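File shown: work11.cif (mmCIF, C-alpha atoms).
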data_protein
loop_
_atom_site.label_atom_id
_atom_site.label_comp_id
_atom_site.auth_asym_id
_atom_site.auth_seq_id
_atom_site.Cartn_x
_atom_site.Cartn_y
_atom_site.Cartn_z
CA MET A 1 23.12 -39.66 -0.35
CA ILE A 2 19.99 -38.62 1.48
CA GLU A 3 17.02 -40.09 -0.33
CA VAL A 4 13.70 -38.60 0.59
CA ALA A 5 10.22 -39.55 -0.62
CA ILE A 6 7.63 -38.12 1.74
CA LYS A 7 4.14 -36.68 1.71
CA LYS A 8 2.47 -34.74 4.51
CA SER A 9 -0.72 -32.74 4.72
CA LEU A 10 -0.26 -29.20 6.04
CA ASN A 11 -2.58 -26.63 7.58
CA ARG A 12 -1.48 -23.51 5.75
CA TYR A 13 -2.74 -20.00 6.44
CA ASP A 14 -4.54 -20.06 3.05
CA GLY A 15 -6.11 -23.50 3.60
CA PRO A 16 -5.05 -27.14 3.58
CA GLY A 17 -2.07 -28.12 1.43
CA PHE A 18 0.51 -30.82 0.86
CA LEU A 19 4.23 -31.09 1.36
CA GLU A 20 5.59 -33.58 -1.13
CA VAL A 21 9.30 -34.16 -1.58
CA ASN A 22 10.91 -36.77 -3.83
CA HIS A 23 14.56 -35.91 -4.05
CA SER A 24 18.07 -37.19 -3.37
CA PHE A 25 20.38 -34.75 -1.65
CA THR A 26 24.08 -35.15 -2.39
CA ASP A 27 26.36 -36.13 0.51
CA HIS A 28 28.79 -33.59 1.93
CA ARG A 29 27.15 -30.71 0.10
CA VAL A 30 25.21 -27.68 1.25
CA THR A 31 21.70 -27.46 -0.18
CA ALA A 32 19.53 -24.39 0.22
CA LEU A 33 15.81 -25.14 0.49
CA SER A 34 13.72 -22.26 -0.71
CA GLY A 35 10.05 -21.62 -1.27
CA PRO A 36 7.31 -19.25 -0.17
CA SER A 37 6.09 -18.98 3.43
CA GLY A 38 3.98 -21.92 4.51
CA VAL A 39 5.30 -24.26 1.82
CA GLY A 40 6.69 -26.59 4.52
CA LYS A 41 10.42 -25.86 4.71
CA THR A 42 10.50 -26.07 8.51
CA THR A 43 8.22 -29.13 8.51
CA PHE A 44 10.56 -30.84 6.03
CA LEU A 45 13.60 -30.24 8.25
CA ARG A 46 11.62 -31.47 11.28
CA ILE A 47 10.70 -34.67 9.42
CA LEU A 48 14.36 -35.31 8.64
CA ALA A 49 15.29 -34.76 12.31
CA GLY A 50 12.53 -37.08 13.56
CA LEU A 51 10.61 -34.25 15.22
CA ALA A 52 7.62 -34.64 12.87
CA THR A 53 6.18 -37.61 11.02
CA PRO A 54 4.92 -37.51 7.45
CA ASP A 55 1.65 -39.15 6.43
CA GLU A 56 3.65 -41.53 4.28
CA GLY A 57 7.11 -41.99 2.89
CA THR A 58 10.71 -42.97 3.43
CA VAL A 59 13.94 -41.27 4.46
CA ARG A 60 17.26 -43.03 3.82
CA VAL A 61 20.50 -41.47 4.97
CA GLN A 62 23.76 -42.88 3.56
CA GLY A 63 22.16 -46.29 3.14
CA ALA A 64 20.46 -46.44 6.55
CA THR A 65 16.68 -46.25 6.76
CA TRP A 66 15.61 -43.54 9.20
CA LEU A 67 11.95 -43.61 8.27
CA ASP A 68 9.64 -45.99 6.50
CA THR A 69 5.96 -45.41 7.26
CA ARG A 70 4.88 -48.65 5.57
CA ALA A 71 7.16 -50.66 7.83
CA SER A 72 6.16 -48.48 10.82
CA LEU A 73 9.83 -47.64 11.22
CA SER A 74 10.94 -44.26 12.50
CA LEU A 75 14.18 -43.60 14.32
CA SER A 76 13.82 -41.22 17.25
CA PRO A 77 15.50 -37.78 17.18
CA GLN A 78 17.97 -39.19 19.72
CA GLN A 79 18.94 -42.00 17.33
CA ARG A 80 19.24 -39.68 14.31
CA ARG A 81 21.41 -37.10 16.13
CA THR A 82 21.06 -34.42 13.49
CA GLY A 83 22.50 -31.00 14.16
CA PHE A 84 19.42 -28.78 14.18
CA VAL A 85 19.42 -24.99 14.21
CA PHE A 86 15.94 -23.87 15.18
CA GLN A 87 14.40 -20.69 13.84
CA ASP A 88 13.76 -19.51 17.42
CA TYR A 89 17.28 -20.72 18.40
CA ALA A 90 15.89 -22.97 21.19
CA LEU A 91 18.67 -21.97 23.56
CA PHE A 92 18.69 -23.20 27.16
CA GLN A 93 17.96 -20.25 29.44
CA THR A 94 20.09 -21.33 32.38
CA MET A 95 23.16 -22.56 30.45
CA ASN A 96 25.99 -20.24 29.49
CA VAL A 97 27.73 -20.41 26.11
CA THR A 98 30.32 -22.99 27.22
CA LYS A 99 27.68 -25.19 28.88
CA HIS A 100 25.60 -25.13 25.69
CA LEU A 101 28.48 -26.53 23.66
CA GLU A 102 29.47 -29.04 26.35
CA TYR A 103 25.88 -30.28 26.53
CA ALA A 104 26.15 -31.25 22.85
CA GLY A 105 29.75 -32.48 22.68
CA ALA A 106 32.81 -33.20 24.83
CA ASP A 107 35.71 -32.59 22.43
CA GLY A 108 37.42 -29.62 24.11
CA PRO A 109 39.74 -28.48 21.26
CA TYR A 110 36.89 -28.79 18.76
CA LEU A 111 34.59 -26.72 21.00
CA GLU A 112 37.34 -24.08 21.18
CA GLN A 113 37.52 -24.09 17.38
CA LEU A 114 33.76 -23.55 17.23
CA LEU A 115 33.91 -20.64 19.68
CA SER A 116 36.58 -19.09 17.49
CA ILE A 117 34.57 -19.58 14.29
CA GLY A 118 31.53 -17.98 15.92
CA LYS A 119 33.64 -15.14 17.42
CA MET A 120 32.17 -16.09 20.79
CA GLU A 121 35.35 -16.54 22.86
CA ALA A 122 34.62 -13.42 24.88
CA PHE A 123 31.13 -14.59 25.78
CA ARG A 124 31.86 -18.01 27.29
CA LYS A 125 30.13 -17.29 30.59
CA HIS A 126 27.21 -15.35 29.12
CA LEU A 127 23.65 -16.64 29.41
CA PRO A 128 21.41 -16.43 26.33
CA ARG A 129 19.55 -13.41 27.73
CA GLN A 130 22.86 -11.57 27.98
CA LEU A 131 23.59 -12.07 24.26
CA SER A 132 22.38 -10.07 21.26
CA GLY A 133 20.09 -11.69 18.69
CA GLY A 134 23.01 -12.31 16.32
CA GLN A 135 25.12 -13.85 19.10
CA GLN A 136 22.23 -16.12 20.12
CA GLN A 137 21.87 -17.26 16.54
CA ARG A 138 25.60 -17.99 16.28
CA LEU A 139 25.43 -19.96 19.51
CA ALA A 140 22.56 -22.04 18.12
CA ILE A 141 24.68 -22.87 15.05
CA LEU A 142 27.78 -23.70 17.11
CA ARG A 143 25.75 -25.92 19.46
CA ALA A 144 24.38 -27.89 16.51
CA LEU A 145 27.93 -28.35 15.18
CA ALA A 146 29.28 -29.33 18.62
CA LEU A 147 27.34 -32.57 18.23
CA LYS A 148 29.55 -33.49 15.22
CA PRO A 149 26.50 -34.40 13.15
CA ARG A 150 26.55 -36.18 9.83
CA LEU A 151 23.50 -34.16 8.82
CA LEU A 152 23.15 -30.47 9.70
CA LEU A 153 19.70 -28.91 9.36
CA MET A 154 19.45 -25.14 9.66
CA ASP A 155 16.21 -23.14 9.66
CA GLU A 156 16.83 -19.51 8.62
CA PRO A 157 20.19 -19.56 10.41
CA PHE A 158 21.56 -16.16 9.37
CA SER A 159 18.45 -13.98 9.67
CA ALA A 160 19.60 -11.98 12.74
CA MET A 161 23.21 -11.33 11.64
CA ASP A 162 24.66 -8.25 10.02
CA ASN A 163 26.12 -8.72 6.55
CA LYS A 164 29.80 -8.47 7.49
CA LEU A 165 29.55 -11.02 10.29
CA LYS A 166 27.38 -13.28 8.17
CA MET A 167 29.94 -13.38 5.33
CA SER A 168 32.78 -14.11 7.73
CA LEU A 169 30.83 -16.84 9.55
CA MET A 170 29.66 -18.41 6.29
CA ALA A 171 33.24 -18.71 5.02
CA ASP A 172 34.43 -20.41 8.23
CA LEU A 173 31.35 -22.62 8.43
CA LYS A 174 31.73 -23.69 4.84
CA LYS A 175 35.32 -24.78 5.49
CA LEU A 176 34.30 -26.70 8.64
CA ILE A 177 31.38 -28.39 6.91
CA THR A 178 33.62 -29.40 3.98
CA ASP A 179 36.46 -30.60 6.22
CA ARG A 180 34.16 -32.67 8.43
CA LYS A 181 32.15 -34.00 5.48
CA ILE A 182 28.85 -32.80 6.85
CA THR A 183 25.75 -32.81 4.68
CA CYS A 184 23.87 -29.58 5.24
CA LEU A 185 20.33 -28.43 4.38
CA ILE A 186 19.36 -24.81 4.96
CA ALA A 187 15.81 -23.52 4.86
CA THR A 188 15.75 -19.94 3.66
CA HIS A 189 13.24 -17.39 2.41
CA TYR A 190 15.96 -15.66 0.44
CA PRO A 191 18.20 -18.06 -1.59
CA PHE A 192 20.52 -15.16 -2.51
CA GLU A 193 21.40 -14.97 1.19
CA THR A 194 23.24 -18.28 0.94
CA GLU A 195 25.08 -17.54 -2.32
CA GLY A 196 28.66 -18.73 -2.03
CA PHE A 197 27.67 -20.96 0.90
CA ALA A 198 25.13 -23.32 -0.64
CA ASP A 199 26.31 -25.64 -3.42
CA GLU A 200 22.82 -26.48 -4.61
CA LEU A 201 19.35 -25.01 -4.52
CA PHE A 202 16.20 -27.06 -4.05
CA GLU A 203 12.87 -25.36 -4.47
CA LEU A 204 9.89 -26.60 -2.42
CA THR A 205 6.60 -25.91 -4.16
CA MET B 1 2.09 -18.87 74.59
CA ASP B 2 2.19 -22.56 73.70
CA TRP B 3 4.37 -22.91 70.59
CA THR B 4 3.26 -26.50 69.84
CA PRO B 5 0.47 -25.47 67.40
CA VAL B 6 2.94 -23.28 65.47
CA TRP B 7 5.48 -26.10 65.36
CA LEU B 8 2.75 -28.53 64.18
CA SER B 9 1.69 -26.09 61.44
CA LEU B 10 5.28 -25.68 60.24
CA LYS B 11 5.84 -29.45 60.33
CA LEU B 12 2.61 -30.10 58.43
CA SER B 13 3.47 -27.46 55.82
CA ALA B 14 7.02 -28.72 55.35
CA ILE B 15 6.03 -32.38 54.95
CA THR B 16 3.13 -31.54 52.62
CA THR B 17 5.30 -29.26 50.48
CA LEU B 18 8.08 -31.82 50.24
CA ILE B 19 5.71 -34.61 49.19
CA LEU B 20 3.97 -32.34 46.67
CA LEU B 21 7.30 -31.15 45.25
CA VAL B 22 8.36 -34.73 44.55
CA THR B 23 5.00 -35.83 43.13
CA GLY B 24 3.47 -32.58 41.83
CA VAL B 25 6.30 -31.50 39.50
CA PRO B 26 6.33 -34.73 37.43
CA LEU B 27 2.52 -34.65 37.44
CA ALA B 28 2.56 -31.04 36.17
CA TRP B 29 5.00 -32.01 33.41
CA TRP B 30 2.77 -34.92 32.37
CA LEU B 31 -0.29 -32.64 32.33
CA SER B 32 1.55 -30.05 30.23
CA ARG B 33 2.03 -32.48 27.38
CA LYS B 34 -0.47 -33.03 24.58
CA ASN B 35 -4.10 -32.72 25.71
CA SER B 36 -6.19 -35.85 26.08
CA VAL B 37 -9.49 -36.61 27.82
CA PRO B 38 -7.88 -38.48 30.78
CA ARG B 39 -5.46 -35.55 31.25
CA LEU B 40 -8.29 -33.00 31.19
CA LEU B 41 -10.37 -35.03 33.67
CA LEU B 42 -7.42 -35.44 36.04
CA GLU B 43 -6.59 -31.74 35.81
CA ALA B 44 -10.20 -30.85 36.62
CA LEU B 45 -10.07 -33.13 39.67
CA ILE B 46 -6.77 -31.61 40.82
CA THR B 47 -8.19 -28.10 40.44
CA MET B 48 -11.37 -28.86 42.42
CA PRO B 49 -9.91 -27.91 45.84
CA LEU B 50 -9.41 -24.36 44.51
CA VAL B 51 -13.15 -23.83 44.18
CA LEU B 52 -14.64 -26.38 46.56
CA PRO B 53 -15.44 -25.19 50.13
CA PRO B 54 -12.76 -26.75 52.39
CA SER B 55 -15.52 -28.13 54.63
CA VAL B 56 -16.92 -30.15 51.72
CA LEU B 57 -13.54 -31.72 51.01
CA GLY B 58 -12.98 -32.29 54.72
CA PHE B 59 -16.40 -33.87 55.10
CA TYR B 60 -15.84 -36.39 52.32
CA LEU B 61 -12.34 -37.20 53.55
CA LEU B 62 -13.79 -37.74 57.02
CA LEU B 63 -16.40 -40.10 55.60
CA ALA B 64 -13.86 -41.93 53.42
CA PHE B 65 -11.33 -42.51 56.16
CA SER B 66 -13.73 -43.13 59.04
CA PRO B 67 -13.17 -46.65 60.45
CA GLN B 68 -16.97 -47.06 60.41
CA ASN B 69 -16.99 -47.02 56.62
CA ALA B 70 -15.64 -49.70 54.29
CA PHE B 71 -12.50 -47.95 53.00
CA GLY B 72 -11.48 -46.54 56.37
CA LYS B 73 -12.15 -49.91 57.99
CA TRP B 74 -9.99 -51.64 55.38
CA LEU B 75 -7.15 -49.14 55.92
CA HIS B 76 -7.43 -49.63 59.66
CA GLU B 77 -7.60 -53.43 59.67
CA LYS B 78 -5.30 -54.34 56.76
CA LEU B 79 -2.70 -51.59 56.82
CA ASP B 80 -3.08 -50.27 60.37
CA LEU B 81 -3.52 -46.74 59.01
CA HIS B 82 -5.61 -44.20 60.93
CA PHE B 83 -6.31 -41.01 59.03
CA VAL B 84 -9.14 -39.58 61.13
CA PHE B 85 -8.07 -37.33 64.03
CA SER B 86 -4.40 -38.06 63.39
CA PHE B 87 -1.43 -36.08 62.08
CA GLY B 88 -1.18 -38.53 59.16
CA GLY B 89 -4.74 -37.60 58.21
CA LEU B 90 -3.80 -33.92 58.25
CA ILE B 91 -0.90 -34.62 55.87
CA LEU B 92 -3.10 -36.60 53.49
CA ALA B 93 -5.84 -33.93 53.52
CA SER B 94 -3.27 -31.17 53.03
CA ILE B 95 -1.72 -32.95 50.06
CA ILE B 96 -5.10 -33.19 48.36
CA TYR B 97 -6.12 -29.66 49.34
CA SER B 98 -2.84 -27.99 48.30
CA LEU B 99 -2.22 -30.06 45.17
CA PRO B 100 -3.41 -27.33 42.73
CA PHE B 101 -1.09 -24.78 44.35
CA MET B 102 1.89 -26.93 43.38
CA VAL B 103 0.67 -28.28 40.06
CA SER B 104 -0.93 -25.23 38.41
CA PRO B 105 2.04 -22.78 38.42
CA VAL B 106 4.48 -25.51 37.42
CA LYS B 107 2.23 -26.80 34.64
CA SER B 108 1.71 -23.28 33.35
CA ALA B 109 5.48 -22.73 33.26
CA PHE B 110 6.03 -25.98 31.34
CA VAL B 111 3.32 -25.02 28.82
CA HIS B 112 4.94 -21.64 28.19
CA LEU B 113 8.36 -23.10 27.39
CA PRO B 114 8.93 -23.22 23.63
CA PRO B 115 8.64 -26.87 22.48
CA SER B 116 11.86 -26.40 20.50
CA MET B 117 13.82 -26.26 23.76
CA ALA B 118 13.13 -29.92 24.55
CA GLU B 119 13.38 -30.87 20.89
CA ALA B 120 16.86 -29.33 20.64
CA SER B 121 17.93 -31.55 23.53
CA TYR B 122 16.40 -34.65 21.91
CA THR B 123 18.30 -34.02 18.65
CA MET B 124 21.48 -34.03 20.74
CA GLY B 125 20.72 -37.59 21.80
CA LYS B 126 19.46 -36.71 25.27
CA SER B 127 16.63 -38.75 26.79
CA VAL B 128 13.33 -37.28 27.97
CA ARG B 129 14.44 -37.67 31.60
CA GLU B 130 17.81 -35.99 31.03
CA THR B 131 16.12 -33.17 29.11
CA LEU B 132 13.62 -32.67 31.91
CA TRP B 133 16.32 -32.63 34.57
CA LYS B 134 19.00 -30.56 32.83
CA VAL B 135 17.03 -28.24 30.54
CA LEU B 136 13.36 -27.88 31.42
CA LEU B 137 13.39 -27.88 35.23
CA PRO B 138 16.21 -25.29 35.47
CA ALA B 139 14.29 -23.13 32.98
CA ILE B 140 11.19 -23.08 35.19
CA ARG B 141 13.02 -22.72 38.52
CA PRO B 142 11.22 -19.44 39.42
CA ALA B 143 7.83 -21.11 38.88
CA ILE B 144 8.85 -24.09 41.03
CA LEU B 145 9.96 -21.77 43.81
CA THR B 146 6.69 -19.88 43.60
CA ALA B 147 4.73 -23.14 43.70
CA VAL B 148 6.69 -24.35 46.74
CA VAL B 149 5.97 -21.13 48.62
CA LEU B 150 2.32 -21.03 47.66
CA THR B 151 1.91 -24.64 48.78
CA PHE B 152 3.72 -24.04 52.06
CA ALA B 153 1.83 -20.82 52.84
CA HIS B 154 -1.51 -22.31 51.83
CA THR B 155 -0.98 -25.37 54.03
CA LEU B 156 0.07 -23.11 56.89
CA GLY B 157 -3.25 -21.26 56.65
CA GLU B 158 -5.51 -24.32 56.27
CA PHE B 159 -8.48 -24.40 58.56
CA GLY B 160 -11.66 -26.04 57.28
CA VAL B 161 -10.18 -29.30 56.01
CA VAL B 162 -7.88 -29.60 59.02
CA LEU B 163 -10.72 -29.07 61.46
CA MET B 164 -12.96 -31.62 59.74
CA ILE B 165 -10.44 -34.44 59.45
CA GLY B 166 -8.25 -33.71 62.46
CA GLY B 167 -10.36 -31.90 65.02
CA SER B 168 -8.41 -30.08 67.72
CA ILE B 169 -6.27 -32.55 69.64
CA PRO B 170 -3.48 -30.68 71.46
CA GLY B 171 -0.04 -31.80 70.31
CA VAL B 172 -1.48 -33.96 67.54
CA THR B 173 -3.84 -32.07 65.24
CA LYS B 174 -4.23 -28.67 66.89
CA VAL B 175 -2.32 -26.54 64.39
CA ALA B 176 -1.94 -22.75 64.65
CA SER B 177 -5.07 -21.88 62.68
CA ILE B 178 -7.15 -24.15 64.95
CA ALA B 179 -5.45 -22.66 68.02
CA ILE B 180 -6.56 -19.20 66.87
CA TYR B 181 -10.14 -20.42 66.48
CA ASP B 182 -10.10 -22.12 69.90
CA SER B 183 -8.65 -18.99 71.54
CA VAL B 184 -11.35 -16.79 70.03
CA GLU B 185 -14.02 -19.31 71.10
CA SER B 186 -12.76 -19.08 74.67
CA MET B 187 -12.55 -15.26 74.41
CA ASN B 188 -8.77 -15.35 74.83
CA TYR B 189 -8.01 -12.65 72.26
CA ALA B 190 -4.42 -12.15 73.45
CA HIS B 191 -3.56 -15.75 72.56
CA ALA B 192 -5.41 -15.51 69.25
CA ASN B 193 -3.48 -12.35 68.48
CA ASN B 194 -0.12 -13.98 69.28
CA TYR B 195 -0.78 -16.94 66.98
CA SER B 196 -2.13 -14.67 64.26
CA LEU B 197 0.92 -12.41 64.41
CA VAL B 198 3.28 -15.37 64.19
CA LEU B 199 1.45 -16.79 61.15
CA PHE B 200 1.34 -13.35 59.55
CA ALA B 201 5.07 -12.81 60.10
CA ILE B 202 6.09 -16.24 58.79
CA THR B 203 3.93 -15.90 55.67
CA PHE B 204 5.12 -12.34 54.99
CA VAL B 205 8.79 -13.31 55.26
CA ILE B 206 8.37 -16.28 52.95
CA VAL B 207 6.41 -14.41 50.28
CA THR B 208 8.83 -11.45 50.39
CA ALA B 209 11.78 -13.82 50.01
CA VAL B 210 10.24 -15.28 46.88
CA PHE B 211 9.70 -11.85 45.38
CA ILE B 212 13.35 -11.03 46.06
CA ILE B 213 14.68 -14.30 44.63
CA ASN B 214 12.40 -14.12 41.56
CA ARG B 215 13.02 -10.45 40.80
CA LYS B 216 15.25 -11.42 37.88
CA PRO B 217 13.56 -14.51 36.46
CA ALA B 218 15.14 -16.35 33.55
CA LYS B 219 13.74 -14.90 30.35
CA SER B 220 13.11 -16.49 27.02
CA PRO B 221 16.14 -16.14 24.75
CA LEU B 222 13.87 -14.28 22.36
CA GLY B 223 12.26 -12.20 25.11
#
Structure rendered as structure tokens:
Amino acid sequence: MIEVAIKKSLNRYDGPGFLEVNHSFTDHRVTALSGPSGVGKTTFLRILAGLATPDEGTVRVQGATWLDTRASLSLSPQQRRTGFVFQDYALFQTMNVTKHLEYAGADGPYLEQLLSIGKMEAFRKHLPRQLSGGQQQRLAILRALALKPRLLLMDEPFSAMDNKLKMSLMADLKKLITDRKITCLIATHYPFETEGFADELFELT
Amino acid sequence: MDWTPVWLSLKLSAITTLILLVTGVPLAWWLSRKNSVPRLLLEALITMPLVLPPSVLGFYLLLAFSPQNAFGKWLHEKLDLHFVFSFGGLILASIIYSLPFMVSPVKSAFVHLPPSMAEASYTMGKSVRETLWKVLLPAIRPAILTAVVLTFAHTLGEFGVVLMIGGSIPGVTKVASIAIYDSVESMNYAHANNYSLVLFAITFVIVTAVFIINRKPAKSPLG
């Protein structure tokens, strides 16, 4: 269980606002986070990963406290080791596809499995600038999974993929996530995009 | 033609560039992080040599390091360091004078990297140092190369600061730019021309090499 009770002030395009989440996310399930632009979906994922700090609140992951503002406790992103798929992919410009995966994890057969799931076997030696937008996005997902995270956080992870590829990738990802018992949260503008992939929907307001 | 001034110029440029590469890149990274008043003040100080007349900088360095003044006297007596009219003084003055040429391009490159690049590395359990070494520095390699060349070429062409702090001691502080000045003073235009051509050729080759190496710089994945 991932128990979250946080509050953070936001500077939205239409004025100041608040992100407030009090929710328990089920373990080993995929939850789609939806809500209008500026509601704080990305900020929420960043708080879970330790890349942003809320004004107040707690985050408990499978019994371990990751964040407690009252106790001035906050595990670093390095300690949390969440798999994070950034909206801008955050790929490393001078690393090829293989190096990206090896930077995150060292399990050779598992990395091969990931390359196969992402249909990236033919692009092992390619640098990010030599990949299409969809391939870059797949690489960002595979890199996050290469870490073997307990918690996978994905920010608009399928936005640059065509429908056919997206459906195929989603099916393989879903199997991997289920097999490895990963808890997954996906921020998305369009909840229907994750139909068949997400088990639950959580609306941020 | 006496090649000693050219050799001294190259030696001074190489040492200065090496020292600034080791110290300037971490400094640029530190400056590129979240703004604060101490950072802004330090950056302003580092940028000063870009706009300050070299003679002003040279004059104050001369005063500071002169054995007749307190600081220079202390350096001389306690640490046996002599920075006035010595090659060591030229190195120190060059480091201060060329600092912005190393720091500014590198800092600018760090600032333009998407923050998510470092953050992605942190979520993978990598330390700040490992992220800097394996992710950020390779990503800004073209900017580092440019900074190295700018620093080297700028040091090679120094005149005002070098003249003020080092004078024109043959074999010690008489670098190529000073040799050109001395040759013109003594109406020996042939010598001045030789030194000028050598400096021109060296600088042209270096700058052209950088353009060739950087012609395909690493682009942003989204670029």
Task: Contact residues around Leu92 of chain B with only C-alpha atoms at 9 Å, ignoring same-chain residues under 4 positions, as a PyMOL selection string - done: chain B and resi 16+83+87-88+96-97
Open item on the list: Please enumerate the residues selected by the PyMOL selection byres ((chain B) within 10 of (chain A)) when evaluated against the supplied file, formatted as number ranges by chain.
Closed with: B: 113-128, 134-141, 218-223
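Interatomic distance, atom CA of Thr183 of chain A against atom CA of Ser24 of chain A: 12.0 Å.
With atom CA of Trp74 of chain B on one side and atom CA of Val22 of chain B on the other, the separation reads 27.2 Å.
Here atom CA of Lys125 of chain A and atom CA of Asp155 of chain A stand 25.8 Å from one another.
When the PyMOL selection byres ((chain B and resi 14) around 10) is run on the displayed coordinates, the residues it returns are Leu8, Ser9, Leu10, Lys11, Leu12, Ser13, Ile15, Thr16, Thr17, Leu18, Ile19, Leu20, Ile91, Val148, Thr151, Phe152, Ala153, Thr155 and Leu156 of chain B.
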TODO: Would you write out, as a list in words, every residue that the PyMOL selection byres ((chain B and resi 204-217) around 8) captures in this file?
DONE: Pro142, Leu145, Thr146, Val149, Ala153, Phe200, Ala201, Ile202, Thr203, Ala218 and Lys219 of chain B
Please list as a short mmCIF file (atom, residue, chain, number, x, y, z; two decimals) with C-alpha atoms, in the coordinates of the input every residue within 7 Å of Leu169 of chain A, counting only C-alpha atoms and excluding residues in the same chain fewer than 4 positions away.
data_model
loop_
_atom_site.label_atom_id
_atom_site.label_comp_id
_atom_site.auth_asym_id
_atom_site.auth_seq_id
_atom_site.Cartn_x
_atom_site.Cartn_y
_atom_site.Cartn_z
CA ILE A 117 34.57 -19.58 14.29
CA GLY A 118 31.53 -17.98 15.92
CA LEU A 165 29.55 -11.02 10.29
CA LEU A 173 31.35 -22.62 8.43
#
Residue completion, segment 201-206 of chain B, all heavy atoms, as a PDB file, in the frame of the given file:
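Generated output (rebuild_34.pdb):
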ATOM      1  N   ALA B 201       3.639 -13.094  60.274  1.00  0.00           N
ATOM      2  CA  ALA B 201       5.070 -12.810  60.100  1.00  0.00           C
ATOM      3  C   ALA B 201       5.746 -13.880  59.234  1.00  0.00           C
ATOM      4  O   ALA B 201       6.494 -13.560  58.301  1.00  0.00           O
ATOM      5  CB  ALA B 201       5.749 -12.724  61.465  1.00  0.00           C
ATOM      6  N   ILE B 202       5.461 -15.147  59.551  1.00  0.00           N
ATOM      7  CA  ILE B 202       6.090 -16.240  58.790  1.00  0.00           C
ATOM      8  C   ILE B 202       5.704 -16.127  57.309  1.00  0.00           C
ATOM      9  O   ILE B 202       6.548 -16.174  56.414  1.00  0.00           O
ATOM     10  CB  ILE B 202       5.653 -17.621  59.344  1.00  0.00           C
ATOM     11  CG1 ILE B 202       6.232 -17.842  60.746  1.00  0.00           C
ATOM     12  CG2 ILE B 202       6.097 -18.744  58.409  1.00  0.00           C
ATOM     13  CD1 ILE B 202       5.673 -19.065  61.451  1.00  0.00           C
ATOM     14  N   THR B 203       4.416 -15.962  57.046  1.00  0.00           N
ATOM     15  CA  THR B 203       3.930 -15.900  55.670  1.00  0.00           C
ATOM     16  C   THR B 203       4.536 -14.702  54.940  1.00  0.00           C
ATOM     17  O   THR B 203       4.968 -14.811  53.778  1.00  0.00           O
ATOM     18  CB  THR B 203       2.391 -15.807  55.655  1.00  0.00           C
ATOM     19  OG1 THR B 203       1.874 -16.787  56.545  1.00  0.00           O
ATOM     20  CG2 THR B 203       1.841 -16.058  54.274  1.00  0.00           C
ATOM     21  N   PHE B 204       4.587 -13.551  55.621  1.00  0.00           N
ATOM     22  CA  PHE B 204       5.120 -12.340  54.990  1.00  0.00           C
ATOM     23  C   PHE B 204       6.597 -12.515  54.618  1.00  0.00           C
ATOM     24  O   PHE B 204       7.011 -12.165  53.504  1.00  0.00           O
ATOM     25  CB  PHE B 204       4.949 -11.145  55.951  1.00  0.00           C
ATOM     26  CG  PHE B 204       5.412  -9.846  55.346  1.00  0.00           C
ATOM     27  CD1 PHE B 204       4.644  -9.199  54.389  1.00  0.00           C
ATOM     28  CD2 PHE B 204       6.606  -9.267  55.742  1.00  0.00           C
ATOM     29  CE1 PHE B 204       5.068  -8.010  53.817  1.00  0.00           C
ATOM     30  CE2 PHE B 204       7.039  -8.076  55.179  1.00  0.00           C
ATOM     31  CZ  PHE B 204       6.273  -7.443  54.212  1.00  0.00           C
ATOM     32  N   VAL B 205       7.355 -13.098  55.524  1.00  0.00           N
ATOM     33  CA  VAL B 205       8.790 -13.310  55.260  1.00  0.00           C
ATOM     34  C   VAL B 205       8.988 -14.231  54.063  1.00  0.00           C
ATOM     35  O   VAL B 205       9.793 -13.962  53.158  1.00  0.00           O
ATOM     36  CB  VAL B 205       9.493 -13.874  56.524  1.00  0.00           C
ATOM     37  CG1 VAL B 205      10.886 -14.393  56.178  1.00  0.00           C
ATOM     38  CG2 VAL B 205       9.568 -12.815  57.602  1.00  0.00           C
ATOM     39  N   ILE B 206       8.216 -15.310  54.037  1.00  0.00           N
ATOM     40  CA  ILE B 206       8.370 -16.280  52.950  1.00  0.00           C
ATOM     41  C   ILE B 206       8.006 -15.656  51.601  1.00  0.00           C
ATOM     42  O   ILE B 206       8.743 -15.761  50.617  1.00  0.00           O
ATOM     43  CB  ILE B 206       7.486 -17.527  53.208  1.00  0.00           C
ATOM     44  CG1 ILE B 206       8.003 -18.303  54.414  1.00  0.00           C
ATOM     45  CG2 ILE B 206       7.472 -18.434  51.987  1.00  0.00           C
ATOM     46  CD1 ILE B 206       7.062 -19.370  54.886  1.00  0.00           C
TER      47      ILE B 206
END
